[in-house]
file work22.cif (mmCIF, C-alpha atoms)
data_data
#
loop_
_atom_site.group_PDB
_atom_site.id
_atom_site.type_symbol
_atom_site.label_atom_id
_atom_site.label_comp_id
_atom_site.auth_asym_id
_atom_site.auth_seq_id
_atom_site.Cartn_x
_atom_site.Cartn_y
_atom_site.Cartn_z
ATOM 1 C CA MET O 1 16.551 -1.545 73.440
ATOM 2 C CA LYS O 2 17.273 1.973 72.207
ATOM 3 C CA HIS O 3 20.045 2.278 74.804
ATOM 4 C CA GLU O 4 21.669 -0.917 73.587
ATOM 5 C CA ILE O 5 21.758 0.343 70.024
ATOM 6 C CA ILE O 6 23.338 3.618 71.086
ATOM 7 C CA ILE O 7 25.872 1.735 73.227
ATOM 8 C CA ALA O 8 26.740 -0.509 70.277
ATOM 9 C CA ILE O 9 27.216 2.525 68.031
ATOM 10 C CA LEU O 10 29.436 4.262 70.604
ATOM 11 C CA LEU O 11 31.584 1.171 71.133
ATOM 12 C CA ALA O 12 31.878 0.573 67.387
ATOM 13 C CA ALA O 13 32.975 4.178 66.893
ATOM 14 C CA ALA O 14 35.540 3.864 69.680
ATOM 15 C CA VAL O 15 36.979 0.655 68.266
ATOM 16 C CA LEU O 16 37.014 1.962 64.700
ATOM 17 C CA VAL O 17 38.788 5.187 65.646
ATOM 18 C CA THR O 18 41.323 3.198 67.683
ATOM 19 C CA ILE O 19 42.105 0.867 64.782
ATOM 20 C CA VAL O 20 42.436 3.719 62.278
ATOM 21 C CA SER O 21 44.742 5.612 64.655
ATOM 22 C CA MET O 22 46.779 2.490 65.247
ATOM 23 C CA VAL O 23 47.250 1.988 61.530
ATOM 24 C CA GLY O 24 48.329 5.634 61.306
ATOM 25 C CA VAL O 25 50.953 5.166 64.011
ATOM 26 C CA LEU O 26 52.157 2.011 62.285
ATOM 27 C CA VAL O 27 52.347 3.460 58.779
ATOM 28 C CA MET O 28 53.778 6.927 59.394
ATOM 29 C CA ARG O 29 57.568 7.154 59.343
ATOM 30 C CA ASP O 30 58.250 10.508 60.993
ATOM 31 C CA PRO O 31 57.710 10.590 64.804
ATOM 32 C CA TYR O 32 56.034 14.000 64.457
ATOM 33 C CA GLN O 33 53.502 12.425 62.082
ATOM 34 C CA LYS O 34 52.998 9.458 64.390
ATOM 35 C CA LEU O 35 52.238 11.838 67.262
ATOM 36 C CA HIS O 36 49.153 13.166 65.477
ATOM 37 C CA TYR O 37 47.496 9.767 65.676
ATOM 38 C CA LEU O 38 47.619 9.700 69.479
ATOM 39 C CA GLY O 39 44.928 12.365 69.543
ATOM 40 C CA PRO O 40 41.830 10.612 68.167
ATOM 41 C CA VAL O 41 42.079 7.713 70.625
ATOM 42 C CA ALA O 42 42.066 10.058 73.621
ATOM 43 C CA THR O 43 39.634 12.628 72.255
ATOM 44 C CA ILE O 44 37.098 10.417 70.462
ATOM 45 C CA SER O 45 37.455 6.803 71.646
ATOM 46 C CA ALA O 46 37.703 7.574 75.365
ATOM 47 C CA PRO O 47 34.605 9.824 75.504
ATOM 48 C CA CYS O 48 32.707 7.258 73.395
ATOM 49 C CA VAL O 49 33.572 4.461 75.841
ATOM 50 C CA ALA O 50 32.754 6.690 78.824
ATOM 51 C CA GLY O 51 29.441 7.643 77.233
ATOM 52 C CA ALA O 52 28.600 3.979 76.627
ATOM 53 C CA VAL O 53 29.376 3.152 80.269
ATOM 54 C CA LEU O 54 27.246 6.092 81.420
ATOM 55 C CA LEU O 55 24.334 4.880 79.301
ATOM 56 C CA GLN O 56 24.698 1.348 80.635
ATOM 57 C CA GLU O 57 25.288 2.106 84.297
ATOM 58 C CA GLY O 58 23.913 5.583 84.840
ATOM 59 C CA MET O 59 25.597 8.129 87.072
ATOM 60 C CA ASN O 60 26.853 5.628 89.659
ATOM 61 C CA GLN O 61 30.394 4.763 90.702
ATOM 62 C CA ALA O 62 31.245 3.072 87.399
ATOM 63 C CA GLY O 63 29.946 5.977 85.329
ATOM 64 C CA VAL O 64 31.817 8.566 87.367
ATOM 65 C CA LYS O 65 35.059 6.577 87.126
ATOM 66 C CA ALA O 66 34.651 6.177 83.366
ATOM 67 C CA LEU O 67 34.155 9.935 83.068
ATOM 68 C CA LEU O 68 37.203 10.529 85.251
ATOM 69 C CA VAL O 69 39.318 8.261 83.065
ATOM 70 C CA ALA O 70 38.119 10.020 79.906
ATOM 71 C CA GLY O 71 39.025 13.389 81.454
ATOM 72 C CA VAL O 72 42.471 12.182 82.508
ATOM 73 C CA LEU O 73 43.103 10.769 79.031
ATOM 74 C CA LEU O 74 42.074 14.049 77.398
ATOM 75 C CA LEU O 75 44.432 16.024 79.623
ATOM 76 C CA MET O 76 47.199 13.432 79.405
ATOM 77 C CA ASN O 77 47.121 13.317 75.615
ATOM 78 C CA ALA O 78 47.465 17.065 75.230
ATOM 79 C CA VAL O 79 50.343 17.382 77.688
ATOM 80 C CA LEU O 80 52.194 14.245 76.584
ATOM 81 C CA SER O 81 51.923 15.024 72.877
ATOM 82 C CA HIS O 82 53.353 18.479 73.443
ATOM 83 C CA ALA O 83 56.111 17.173 75.715
ATOM 84 C CA THR O 84 57.036 14.415 73.253
ATOM 85 C CA ALA O 85 57.198 16.805 70.292
ATOM 86 C CA ARG O 86 59.282 19.199 72.378
ATOM 87 C CA MET O 87 61.634 16.387 73.328
ATOM 88 C CA ALA O 88 61.966 15.278 69.698
ATOM 89 C CA ARG O 89 62.832 18.824 68.622
ATOM 90 C CA ILE O 90 65.403 19.218 71.380
ATOM 91 C CA ARG O 91 67.007 15.915 70.400
ATOM 92 C CA ASP O 92 67.106 16.989 66.743
ATOM 93 C CA LEU O 93 68.225 20.606 67.087
ATOM 94 C CA GLY O 94 69.577 20.906 70.609
ATOM 95 C CA ALA O 95 67.074 23.561 71.651
ATOM 96 C CA TRP O 96 63.345 24.139 71.729
ATOM 97 C CA GLU O 97 63.515 27.773 70.632
ATOM 98 C CA PRO O 98 63.367 28.723 66.914
ATOM 99 C CA GLN O 99 66.766 28.510 65.252
ATOM 100 C CA PRO O 100 68.337 31.477 63.384
ATOM 101 C CA GLY O 101 66.802 31.750 59.927
ATOM 102 C CA GLU O 102 63.932 29.464 60.805
ATOM 103 C CA HIS O 103 60.578 30.702 59.560
ATOM 104 C CA VAL O 104 57.983 30.164 62.279
ATOM 105 C CA MET O 105 54.230 30.767 62.285
ATOM 106 C CA GLU O 106 54.490 33.539 64.868
ATOM 107 C CA GLU O 107 56.574 35.658 62.499
ATOM 108 C CA ARG O 108 54.102 35.063 59.696
ATOM 109 C CA ALA O 109 51.198 36.105 61.915
ATOM 110 C CA HIS O 110 53.125 39.225 62.887
ATOM 111 C CA GLU O 111 53.747 40.098 59.238
ATOM 112 C CA GLU O 112 50.101 39.682 58.272
ATOM 113 C CA ARG O 113 48.829 41.787 61.174
ATOM 114 C CA PRO O 114 47.474 45.137 59.855
ATOM 115 C CA SER O 115 49.414 48.112 61.151
ATOM 116 C CA MET Q 1 30.564 -12.956 74.824
ATOM 117 C CA ASN Q 2 28.764 -9.655 75.198
ATOM 118 C CA LEU Q 3 29.305 -6.440 73.304
ATOM 119 C CA TRP Q 4 31.828 -5.068 75.802
ATOM 120 C CA LEU Q 5 34.032 -8.136 75.640
ATOM 121 C CA ALA Q 6 33.881 -8.154 71.837
ATOM 122 C CA ALA Q 7 35.073 -4.533 71.808
ATOM 123 C CA ALA Q 8 37.789 -5.467 74.319
ATOM 124 C CA PHE Q 9 38.929 -8.311 72.044
ATOM 125 C CA VAL Q 10 39.345 -5.920 69.115
ATOM 126 C CA MET Q 11 41.205 -3.483 71.368
ATOM 127 C CA VAL Q 12 43.629 -6.265 72.300
ATOM 128 C CA LEU Q 13 44.260 -6.846 68.604
ATOM 129 C CA ALA Q 14 44.979 -3.114 68.258
ATOM 130 C CA LEU Q 15 47.800 -3.550 70.769
ATOM 131 C CA LEU Q 16 49.763 -5.751 68.353
ATOM 132 C CA PRO Q 17 50.728 -2.878 66.012
ATOM 133 C CA CYS Q 18 51.823 -0.942 69.120
ATOM 134 C CA GLY Q 19 54.245 -3.778 69.842
ATOM 135 C CA ILE Q 20 55.517 -3.681 66.270
ATOM 136 C CA VAL Q 21 56.104 0.086 66.507
ATOM 137 C CA CYS Q 22 57.845 -0.329 69.865
ATOM 138 C CA PHE Q 23 60.174 -3.000 68.474
ATOM 139 C CA LYS Q 24 60.924 -1.560 65.042
ATOM 140 C CA GLY Q 25 60.739 2.227 65.325
ATOM 141 C CA GLY Q 26 63.338 4.801 66.279
ATOM 142 C CA THR Q 27 63.686 6.059 69.834
ATOM 143 C CA ILE Q 28 60.919 8.653 69.624
ATOM 144 C CA GLY Q 29 58.693 6.398 67.531
ATOM 145 C CA ARG Q 30 58.965 3.740 70.223
ATOM 146 C CA LEU Q 31 57.867 6.218 72.867
ATOM 147 C CA VAL Q 32 54.876 7.187 70.712
ATOM 148 C CA GLY Q 33 53.978 3.495 70.413
ATOM 149 C CA LEU Q 34 54.208 3.129 74.182
ATOM 150 C CA GLU Q 35 51.947 6.135 74.768
ATOM 151 C CA MET Q 36 49.432 4.737 72.300
ATOM 152 C CA ALA Q 37 49.541 1.355 74.055
ATOM 153 C CA ASP Q 38 48.953 3.085 77.410
ATOM 154 C CA THR Q 39 45.830 4.808 76.132
ATOM 155 C CA ILE Q 40 44.486 1.641 74.526
ATOM 156 C CA CYS Q 41 45.150 -0.374 77.706
ATOM 157 C CA VAL Q 42 43.179 2.136 79.791
ATOM 158 C CA LEU Q 43 40.201 1.815 77.450
ATOM 159 C CA LEU Q 44 40.651 -1.953 77.434
ATOM 160 C CA LEU Q 45 40.453 -2.095 81.236
ATOM 161 C CA ILE Q 46 37.208 -0.092 81.193
ATOM 162 C CA LEU Q 47 35.712 -2.429 78.602
ATOM 163 C CA LEU Q 48 36.773 -5.514 80.579
ATOM 164 C CA ALA Q 49 35.400 -4.066 83.826
ATOM 165 C CA GLU Q 50 32.039 -3.460 82.201
ATOM 166 C CA GLY Q 51 32.118 -6.772 80.321
ATOM 167 C CA PHE Q 52 32.735 -8.818 83.457
ATOM 168 C CA HIS Q 53 30.525 -6.583 85.656
ATOM 169 C CA ARG Q 54 33.374 -6.086 88.113
ATOM 170 C CA LEU Q 55 33.287 -2.614 89.622
ATOM 171 C CA PRO Q 56 36.789 -2.769 91.236
ATOM 172 C CA PHE Q 57 38.375 -3.151 87.799
ATOM 173 C CA TYR Q 58 37.544 0.492 87.119
ATOM 174 C CA ASP Q 59 40.123 1.458 89.739
ATOM 175 C CA LEU Q 60 42.785 -0.252 87.629
ATOM 176 C CA ALA Q 61 41.831 1.921 84.666
ATOM 177 C CA VAL Q 62 41.968 5.089 86.780
ATOM 178 C CA GLY Q 63 45.332 4.064 88.231
ATOM 179 C CA LEU Q 64 46.814 3.144 84.873
ATOM 180 C CA ALA Q 65 45.637 6.427 83.317
ATOM 181 C CA LEU Q 66 47.343 8.447 86.054
ATOM 182 C CA LEU Q 67 50.514 6.330 86.079
ATOM 183 C CA ALA Q 68 50.793 6.357 82.280
ATOM 184 C CA PHE Q 69 50.720 10.144 82.405
ATOM 185 C CA GLY Q 70 53.513 10.313 84.966
ATOM 186 C CA GLY Q 71 55.496 7.540 83.303
ATOM 187 C CA GLY Q 72 55.259 9.173 79.898
ATOM 188 C CA LEU Q 73 56.529 12.462 81.286
ATOM 189 C CA VAL Q 74 59.457 10.704 82.979
ATOM 190 C CA PHE Q 75 60.389 8.957 79.713
ATOM 191 C CA VAL Q 76 60.176 12.265 77.853
ATOM 192 C CA ARG Q 77 62.364 14.011 80.418
ATOM 193 C CA PHE Q 78 65.032 11.321 80.327
ATOM 194 C CA LEU Q 79 65.070 11.098 76.528
ATOM 195 C CA GLU Q 80 65.304 14.875 76.342
ATOM 196 C CA ARG Q 81 68.244 15.299 78.675
ATOM 197 C CA TYR Q 82 70.081 12.116 79.568
ATOM 198 C CA LEU Q 83 69.624 9.387 76.966
#

call {"tool": "encode", "arguments": {"input": "work22.cif", "output": "structure tokens"}}
result
Amino acid sequence: MKHEIIIAILLAAAVLVTIVSMVGVLVMRDPYQKLHYLGPVATISAPCVAGAVLLQEGMNQAGVKALLVAGVLLLMNAVLSHATARMARIRDLGAWEPQPGEHVMEERAHEERPS
Amino acid sequence: MNLWLAAAFVMVLALLPCGIVCFKGGTIGRLVGLEMADTICVLLLILLAEGFHRLPFYDLAVGLALLAFGGGLVFVRFLERYL
């Protein structure tokens, strides 16, 4: 009975995070802003679903595959988000590297570093 | 309908906004919508596999997760250089 309650909580969290992220993707106008909402689904929903499957099935074939999928989604989200943002910047500016006169965080960090 | 299928039903509803983004957004926004739909579909397949107690369905989720990764990278590469 306790397991079922925990499974219900995990699934509810996964579904809620997915819906909120989906609304974020729908509402945001800038593609860079939309990209941020890909993260919670892969980093919160997927582990929640995998955890619920593990609680239900134990460490058998289904549990291992659910864990594998959660791991692939975590990795995939990080790489794809970066690649998509990089692509968007290249399409906008023609190059990935900082443009002349562009103030980037690395410069700021360099300025604040004590000498 | 058990808990897993109920969660899967809500996940299917979450795919509708992905379709709206894919139809109405700009080029990059559409790709973001597609990536979101990929992730949701993977989770949906896991929920359906558990809801119907069909172990082979998990292989579909694993396959889709891997293919969505490769497919997304191919789309990104083409949009970056050729399209």

call {"tool": "resolve_selection", "arguments": {"input": "work22.cif", "expression": "the PyMOL selection byres ((chain O and resi 50) around 12)", "output": "PyMOL selection string"}}
result
(chain O and resi 7+10-11+14+42-49+51-59+62-74) or (chain Q and resi 42-47+50+58+61)

call {"tool": "write_last_selection", "arguments": {"input": "work22.cif", "atoms": "C-alpha atoms", "output": "PDB file, in the coordinates of the input"}}
result
ATOM      1  CA  ILE O   7      25.872   1.735  73.227  1.00  0.00           C
ATOM      2  CA  LEU O  10      29.436   4.262  70.604  1.00  0.00           C
ATOM      3  CA  LEU O  11      31.584   1.171  71.133  1.00  0.00           C
ATOM      4  CA  ALA O  14      35.540   3.864  69.680  1.00  0.00           C
ATOM      5  CA  ALA O  42      42.066  10.058  73.621  1.00  0.00           C
ATOM      6  CA  THR O  43      39.634  12.628  72.255  1.00  0.00           C
ATOM      7  CA  ILE O  44      37.098  10.417  70.462  1.00  0.00           C
ATOM      8  CA  SER O  45      37.455   6.803  71.646  1.00  0.00           C
ATOM      9  CA  ALA O  46      37.703   7.574  75.365  1.00  0.00           C
ATOM     10  CA  PRO O  47      34.605   9.824  75.504  1.00  0.00           C
ATOM     11  CA  CYS O  48      32.707   7.258  73.395  1.00  0.00           C
ATOM     12  CA  VAL O  49      33.572   4.461  75.841  1.00  0.00           C
ATOM     13  CA  GLY O  51      29.441   7.643  77.233  1.00  0.00           C
ATOM     14  CA  ALA O  52      28.600   3.979  76.627  1.00  0.00           C
ATOM     15  CA  VAL O  53      29.376   3.152  80.269  1.00  0.00           C
ATOM     16  CA  LEU O  54      27.246   6.092  81.420  1.00  0.00           C
ATOM     17  CA  LEU O  55      24.334   4.880  79.301  1.00  0.00           C
ATOM     18  CA  GLN O  56      24.698   1.348  80.635  1.00  0.00           C
ATOM     19  CA  GLU O  57      25.288   2.106  84.297  1.00  0.00           C
ATOM     20  CA  GLY O  58      23.913   5.583  84.840  1.00  0.00           C
ATOM     21  CA  MET O  59      25.597   8.129  87.072  1.00  0.00           C
ATOM     22  CA  ALA O  62      31.245   3.072  87.399  1.00  0.00           C
ATOM     23  CA  GLY O  63      29.946   5.977  85.329  1.00  0.00           C
ATOM     24  CA  VAL O  64      31.817   8.566  87.367  1.00  0.00           C
ATOM     25  CA  LYS O  65      35.059   6.577  87.126  1.00  0.00           C
ATOM     26  CA  ALA O  66      34.651   6.177  83.366  1.00  0.00           C
ATOM     27  CA  LEU O  67      34.155   9.935  83.068  1.00  0.00           C
ATOM     28  CA  LEU O  68      37.203  10.529  85.251  1.00  0.00           C
ATOM     29  CA  VAL O  69      39.318   8.261  83.065  1.00  0.00           C
ATOM     30  CA  ALA O  70      38.119  10.020  79.906  1.00  0.00           C
ATOM     31  CA  GLY O  71      39.025  13.389  81.454  1.00  0.00           C
ATOM     32  CA  VAL O  72      42.471  12.182  82.508  1.00  0.00           C
ATOM     33  CA  LEU O  73      43.103  10.769  79.031  1.00  0.00           C
ATOM     34  CA  LEU O  74      42.074  14.049  77.398  1.00  0.00           C
TER      35      LEU O  74
ATOM     36  CA  VAL Q  42      43.179   2.136  79.791  1.00  0.00           C
ATOM     37  CA  LEU Q  43      40.201   1.815  77.450  1.00  0.00           C
ATOM     38  CA  LEU Q  44      40.651  -1.953  77.434  1.00  0.00           C
ATOM     39  CA  LEU Q  45      40.453  -2.095  81.236  1.00  0.00           C
ATOM     40  CA  ILE Q  46      37.208  -0.092  81.193  1.00  0.00           C
ATOM     41  CA  LEU Q  47      35.712  -2.429  78.602  1.00  0.00           C
ATOM     42  CA  GLU Q  50      32.039  -3.460  82.201  1.00  0.00           C
ATOM     43  CA  TYR Q  58      37.544   0.492  87.119  1.00  0.00           C
ATOM     44  CA  ALA Q  61      41.831   1.921  84.666  1.00  0.00           C
TER      45      ALA Q  61
END

call {"tool": "resolve_selection", "arguments": {"input": "work22.cif", "expression": "the PyMOL selection byres ((chain O and resi 34) around 12)", "output": "MDAnalysis selection string"}}
result
(chainID O and resid 21:33 35:40 81 84:85 88) or (chainID Q and resid 18 21 25:26 28:36)

call {"tool": "resolve_selection", "arguments": {"input": "work22.cif", "expression": "the PyMOL selection byres ((chain Q and resi 69) around 9)", "output": "PDB file with C-alpha atoms, keeping the file's coordinate frame"}}
result
ATOM      1  CA  VAL O  72      42.471  12.182  82.508  1.00  0.00           C
ATOM      2  CA  LEU O  73      43.103  10.769  79.031  1.00  0.00           C
ATOM      3  CA  MET O  76      47.199  13.432  79.405  1.00  0.00           C
ATOM      4  CA  ASN O  77      47.121  13.317  75.615  1.00  0.00           C
ATOM      5  CA  VAL O  79      50.343  17.382  77.688  1.00  0.00           C
ATOM      6  CA  LEU O  80      52.194  14.245  76.584  1.00  0.00           C
TER       7      LEU O  80
ATOM      8  CA  GLU Q  35      51.947   6.135  74.768  1.00  0.00           C
ATOM      9  CA  ASP Q  38      48.953   3.085  77.410  1.00  0.00           C
ATOM     10  CA  LEU Q  64      46.814   3.144  84.873  1.00  0.00           C
ATOM     11  CA  ALA Q  65      45.637   6.427  83.317  1.00  0.00           C
ATOM     12  CA  LEU Q  66      47.343   8.447  86.054  1.00  0.00           C
ATOM     13  CA  LEU Q  67      50.514   6.330  86.079  1.00  0.00           C
ATOM     14  CA  ALA Q  68      50.793   6.357  82.280  1.00  0.00           C
ATOM     15  CA  GLY Q  70      53.513  10.313  84.966  1.00  0.00           C
ATOM     16  CA  GLY Q  71      55.496   7.540  83.303  1.00  0.00           C
ATOM     17  CA  GLY Q  72      55.259   9.173  79.898  1.00  0.00           C
ATOM     18  CA  LEU Q  73      56.529  12.462  81.286  1.00  0.00           C
ATOM     19  CA  VAL Q  74      59.457  10.704  82.979  1.00  0.00           C
TER      20      VAL Q  74
END

call {"tool": "atom_distance", "arguments": {"input": "work22.cif", "atom1": "CA of Phe57 in chain Q", "atom2": "CA of Asn60 in chain O"}}
result
14.6 Å

call {"tool": "closest_residue", "arguments": {"input": "work22.cif", "among": "O:Pro98, O:His103, O:Arg89, O:Lys2", "to": "chain Q", "atoms": "all atoms listed in the file"}}
result
O:Arg89

call {"tool": "atom_distance", "arguments": {"input": "work22.cif", "atom1": "CA of Val41 in chain O", "atom2": "CA of Cys41 in chain Q"}}
result
11.2 Å

call {"tool": "atom_distance", "arguments": {"input": "work22.cif", "atom1": "CA of Val15 in chain O", "atom2": "CA of Leu3 in chain Q"}}
result
11.6 Å

call {"tool": "decode", "arguments": {"input": "work22.cif", "residues": "range 40-63 of chain Q", "atoms": "N, CA and C atoms", "output": "tab-separated table (two decimals), in the first residue's frame"}}
result
chain	number	residue	atom	x	y	z
Q	40	ILE	N	8.43	13.31	-24.52
Q	40	ILE	CA	7.14	12.92	-23.95
Q	40	ILE	C	6.73	11.54	-24.49
Q	41	CYS	N	6.98	11.28	-25.77
Q	41	CYS	CA	6.61	9.98	-26.35
Q	41	CYS	C	7.38	8.84	-25.69
Q	42	VAL	N	8.65	9.07	-25.37
Q	42	VAL	CA	9.43	8.03	-24.69
Q	42	VAL	C	8.80	7.70	-23.33
Q	43	LEU	N	8.47	8.75	-22.57
Q	43	LEU	CA	7.84	8.53	-21.27
Q	43	LEU	C	6.47	7.85	-21.44
Q	44	LEU	N	5.77	8.27	-22.49
Q	44	LEU	CA	4.45	7.68	-22.76
Q	44	LEU	C	4.56	6.17	-23.03
Q	45	LEU	N	5.58	5.78	-23.79
Q	45	LEU	CA	5.75	4.36	-24.09
Q	45	LEU	C	6.06	3.55	-22.82
Q	46	ILE	N	6.85	4.15	-21.92
Q	46	ILE	CA	7.12	3.46	-20.65
Q	46	ILE	C	5.82	3.28	-19.85
Q	47	LEU	N	5.04	4.35	-19.79
Q	47	LEU	CA	3.79	4.28	-19.02
Q	47	LEU	C	2.83	3.25	-19.63
Q	48	LEU	N	2.76	3.21	-20.96
Q	48	LEU	CA	1.87	2.24	-21.61
Q	48	LEU	C	2.37	0.81	-21.39
Q	49	ALA	N	3.70	0.62	-21.46
Q	49	ALA	CA	4.25	-0.72	-21.23
Q	49	ALA	C	3.91	-1.21	-19.84
Q	50	GLU	N	4.03	-0.32	-18.87
Q	50	GLU	CA	3.72	-0.73	-17.49
Q	50	GLU	C	2.21	-0.88	-17.30
Q	51	GLY	N	1.44	0.00	-17.95
Q	51	GLY	CA	-0.01	-0.06	-17.80
Q	51	GLY	C	-0.62	-1.32	-18.38
Q	52	PHE	N	-0.07	-1.78	-19.51
Q	52	PHE	CA	-0.59	-2.99	-20.15
Q	52	PHE	C	0.16	-4.24	-19.73
Q	53	HIS	N	1.16	-4.09	-18.86
Q	53	HIS	CA	1.99	-5.22	-18.40
Q	53	HIS	C	2.61	-5.97	-19.58
Q	54	ARG	N	3.12	-5.22	-20.54
Q	54	ARG	CA	3.77	-5.83	-21.70
Q	54	ARG	C	5.25	-5.44	-21.68
Q	55	LEU	N	6.08	-6.41	-21.31
Q	55	LEU	CA	7.51	-6.15	-21.19
Q	55	LEU	C	8.17	-5.73	-22.50
Q	56	PRO	N	7.80	-6.33	-23.66
Q	56	PRO	CA	8.47	-5.93	-24.92
Q	56	PRO	C	8.29	-4.46	-25.28
Q	57	PHE	N	7.23	-3.83	-24.76
Q	57	PHE	CA	7.02	-2.42	-25.10
Q	57	PHE	C	8.14	-1.52	-24.58
Q	58	TYR	N	8.86	-2.00	-23.55
Q	58	TYR	CA	9.97	-1.20	-23.05
Q	58	TYR	C	11.06	-1.02	-24.11
Q	59	ASP	N	11.20	-2.04	-24.97
Q	59	ASP	CA	12.21	-1.93	-26.03
Q	59	ASP	C	11.89	-0.79	-26.98
Q	60	LEU	N	10.59	-0.54	-27.20
Q	60	LEU	CA	10.20	0.59	-28.05
Q	60	LEU	C	10.67	1.90	-27.43
Q	61	ALA	N	10.50	2.01	-26.11
Q	61	ALA	CA	10.92	3.25	-25.44
Q	61	ALA	C	12.43	3.43	-25.55
Q	62	VAL	N	13.18	2.35	-25.34
Q	62	VAL	CA	14.64	2.44	-25.45
Q	62	VAL	C	15.04	2.83	-26.87
Q	63	GLY	N	14.41	2.18	-27.85
Q	63	GLY	CA	14.72	2.48	-29.25
Q	63	GLY	C	14.38	3.91	-29.62
